[in-house]
Amino acid sequence: MAQKTAAKADNQTKLLSPAQIFFRALKDRTAELGTTLIRGDWKSKLSYIIMGFGPLMRGQIVKGISFLLSEILFIVYMAGFGGKYLAKMSSLGTVATQKIGRKTVYGDNSFLILLFGLLTIVVIAVFILLWAMNIHENAEEERRLKAGRALPTNRQLLASLLDQNFDKTLLALPVTGIFVFTVLPIIFMICVAFSNYDATHQPPTNLFTWVGLENFRNLFNFGTNGFGSTFLTVLTWTLVWAFFATFIDYFLGMAVALLINKKGIRFKKLWRTILVLTIAVPQFVSLLYITKMFANDGIVNAYLMKWGWVSSPIPFWTNPTLARITIIVVNIWIGIPYMMLIATGLLMNIPEDLYESARIDGANAFQTFWSITLPYMLFVTGPFLLTQFTGNLNNFNVIFLLTQGRPQSIALSGNAGYTDLLVTWLYKMTVTDTNYRMAAVIGIMVFLVTAVISLVVYGMLPSVRDEEGFQ
């Protein structure tokens, strides 16, 4: 009976979404905290104040010392370091560093207050998690003892770190690194978006503080002093660029692969090698060279005027429309080889029987491509296409190496140019203008645009909606 009940519970758990499973586990752990406090023995109750006390009294020395040591380290950290930064988080500092005569009187540093304040909040969250684990371990030990089962020895606990709990041992360092070097900087950037951290508010001599939603209102302000029109211009070009850079390369790369793989084509390896050579040359070199080629005094304009085809240089990089078209065309030369290599491998895996059946039924080359080749390619490369599209939304190299976002215009705010993507505009706002607060807002917008498009398109992919379609 107990086995049937457990199996039924497992089946019900499988039907729940990850969010439902998380909230159910959170609810159970929260209820356990109250139950243990009311019904637990005195050892467990003291563990609410002195972490690890229960395990220590029950002979679980390794576990008890670990919990107790974490509590001691937390108290030392809060008393000696984290507490003072957390106390100033609401204002980000009030006393600026000043130079009085020849003496420098050090005050607050808003940057460090925000950084170490966030770190302290993370430390507190981790401590709360460890404290809850400490209560859970006490409850588990009580249940084992009441059931007449012996607790694991200290040697068994240590050995489990290299056996059944090896996943926790292995992931401890990487997870810590992700929090410190990835999650914390992201949270810091989000917080900067709600402050006035810019060129005129540089700590420690000029402190910055919280300004709420002012920066977001400024981004969507279409007035003279707002960034609204510039943001709309850059966002539109970013989406247009990502669309053409993805799908032109995709279909042309597939077409080149079909041509090379066509029966009767000679020197197939030679054509593939020539295309692959464009990948072997570093983009830094090739794109800078192309920039010089298409400049007003470059080789392209020089020969066009020499041959009498044009009377004056074509403004490839100074005319906004021409600059955008030139970037898309140059990207074709960069992107086709990658797609050609991917398509070549996939085309070889399409069963030849499908093509034979289509020819017997009287299908021509276009019908065969439309009904067999293209559906198969879209099914297999759907996730790749989505990855390419999101990658092109943040394609810093091509844009910055070709034009640096130019041509500039006084009609655009924040030092933006007509070929800037959101990511290159963010770079300029950070490095050139040191307008960190607006750069942080743009960074959040980049994330939102990329996340929304990825989530919407991912659910529409054939390989996601119909996993068994080509099996």
# chains A, B, ... in the order shown; residues from 1 in each chain; ligands from 1
$ select_by_dssp --residues "region 18-206 of chain A" --states "alpha helix (DSSP H)" --output "count of residues only"
120
$ residues_around --residues "region 315-332 of chain A" --least-positions-apart "4" --cutoff "8 Å" --atoms "only C-alpha atoms" --output "list in words"
Trp241, Phe244, Ala245, Ile248, Asp249, Phe294, Ala295, Asn296, Ile336, Val398, Ile399, Leu402, Thr403, Arg406, Pro407, Tyr418 and Thr419 of chain A
$ residues_around --residues "Val180 (chain A)" --least-positions-apart "6" --cutoff "12 Å" --atoms "only C-alpha atoms" --output "MDAnalysis selection string"
chainID A and resid 115:116 118:120 122:123 173:174 186:188
$ write_last_selection --atoms "N, CA, C and O atoms" --output "CSV table (one decimal), in the first residue's frame"
chain,number,residue,atom,x,y,z
A,115,LEU,N,28.4,47.8,-4.7
A,115,LEU,CA,28.9,46.4,-5.0
A,115,LEU,C,28.9,45.5,-3.8
A,115,LEU,O,28.4,44.4,-3.8
A,116,PHE,N,29.5,46.0,-2.7
A,116,PHE,CA,29.6,45.2,-1.5
A,116,PHE,C,28.3,45.1,-0.8
A,116,PHE,O,28.0,44.1,0.0
A,118,LEU,N,25.4,44.7,-2.4
A,118,LEU,CA,24.8,43.6,-3.1
A,118,LEU,C,25.4,42.3,-2.7
A,118,LEU,O,24.7,41.3,-2.6
A,119,LEU,N,26.7,42.3,-2.6
A,119,LEU,CA,27.4,41.0,-2.2
A,119,LEU,C,26.9,40.6,-0.8
A,119,LEU,O,26.6,39.4,-0.5
A,120,THR,N,26.7,41.6,0.1
A,120,THR,CA,26.2,41.3,1.4
A,120,THR,C,24.8,40.7,1.4
A,120,THR,O,24.4,39.8,2.1
A,122,VAL,N,23.5,39.0,-1.0
A,122,VAL,CA,23.7,37.6,-1.5
A,122,VAL,C,24.1,36.7,-0.4
A,122,VAL,O,23.6,35.6,-0.2
A,123,VAL,N,25.1,37.2,0.4
A,123,VAL,CA,25.6,36.4,1.5
A,123,VAL,C,24.5,36.1,2.5
A,123,VAL,O,24.4,35.0,3.0
A,173,LEU,N,32.2,24.7,-6.5
A,173,LEU,CA,33.1,25.8,-7.0
A,173,LEU,C,32.5,26.5,-8.2
A,173,LEU,O,32.5,27.7,-8.3
A,174,PRO,N,32.0,25.7,-9.2
A,174,PRO,CA,31.5,26.4,-10.4
A,174,PRO,C,30.3,27.3,-10.1
A,174,PRO,O,30.1,28.4,-10.6
A,186,ILE,N,25.5,41.1,-13.1
A,186,ILE,CA,24.2,41.4,-13.7
A,186,ILE,C,23.3,42.2,-12.8
A,186,ILE,O,22.6,43.2,-13.2
A,187,ILE,N,23.2,41.8,-11.5
A,187,ILE,CA,22.4,42.5,-10.5
A,187,ILE,C,22.9,43.9,-10.3
A,187,ILE,O,22.2,44.8,-10.2
A,188,PHE,N,24.3,44.0,-10.4
A,188,PHE,CA,24.9,45.4,-10.2
A,188,PHE,C,24.5,46.3,-11.4
A,188,PHE,O,24.1,47.4,-11.2
$ closest_residue --among "A:Met51, A:Leu401, A:Leu161, A:Ile442" --to "Ile290 (chain A)" --atoms "only C-alpha atoms"
A:Leu401
$ atom_distance --atom1 "CA of Met133 (chain A)" --atom2 "CA of Arg39 (chain A)"
17.4 Å
$ atom_distance --atom1 "CA of Val300 (chain A)" --atom2 "CA of Asp420 (chain A)"
23.8 Å
$ atom_distance --atom1 "CA of Ile314 (chain A)" --atom2 "CA of Asp297 (chain A)"
9.8 Å
$ residues_around --residues "Tyr355 (chain A)" --least-positions-apart "3" --cutoff "8 Å" --atoms "only C-alpha atoms" --output "PDB file with C-alpha atoms, in the first residue's frame"
ATOM      1  CA  PRO A 351      17.359   9.782 -47.356  1.00  0.00           C
ATOM      2  CA  GLU A 352      17.865   9.423 -51.095  1.00  0.00           C
ATOM      3  CA  ALA A 358       9.495  12.491 -55.665  1.00  0.00           C
ATOM      4  CA  ARG A 359      11.064  12.089 -59.118  1.00  0.00           C
ATOM      5  CA  THR A 368      11.516  18.608 -54.409  1.00  0.00           C
ATOM      6  CA  ILE A 372      11.623  17.638 -48.903  1.00  0.00           C
TER       7      ILE A 372
END
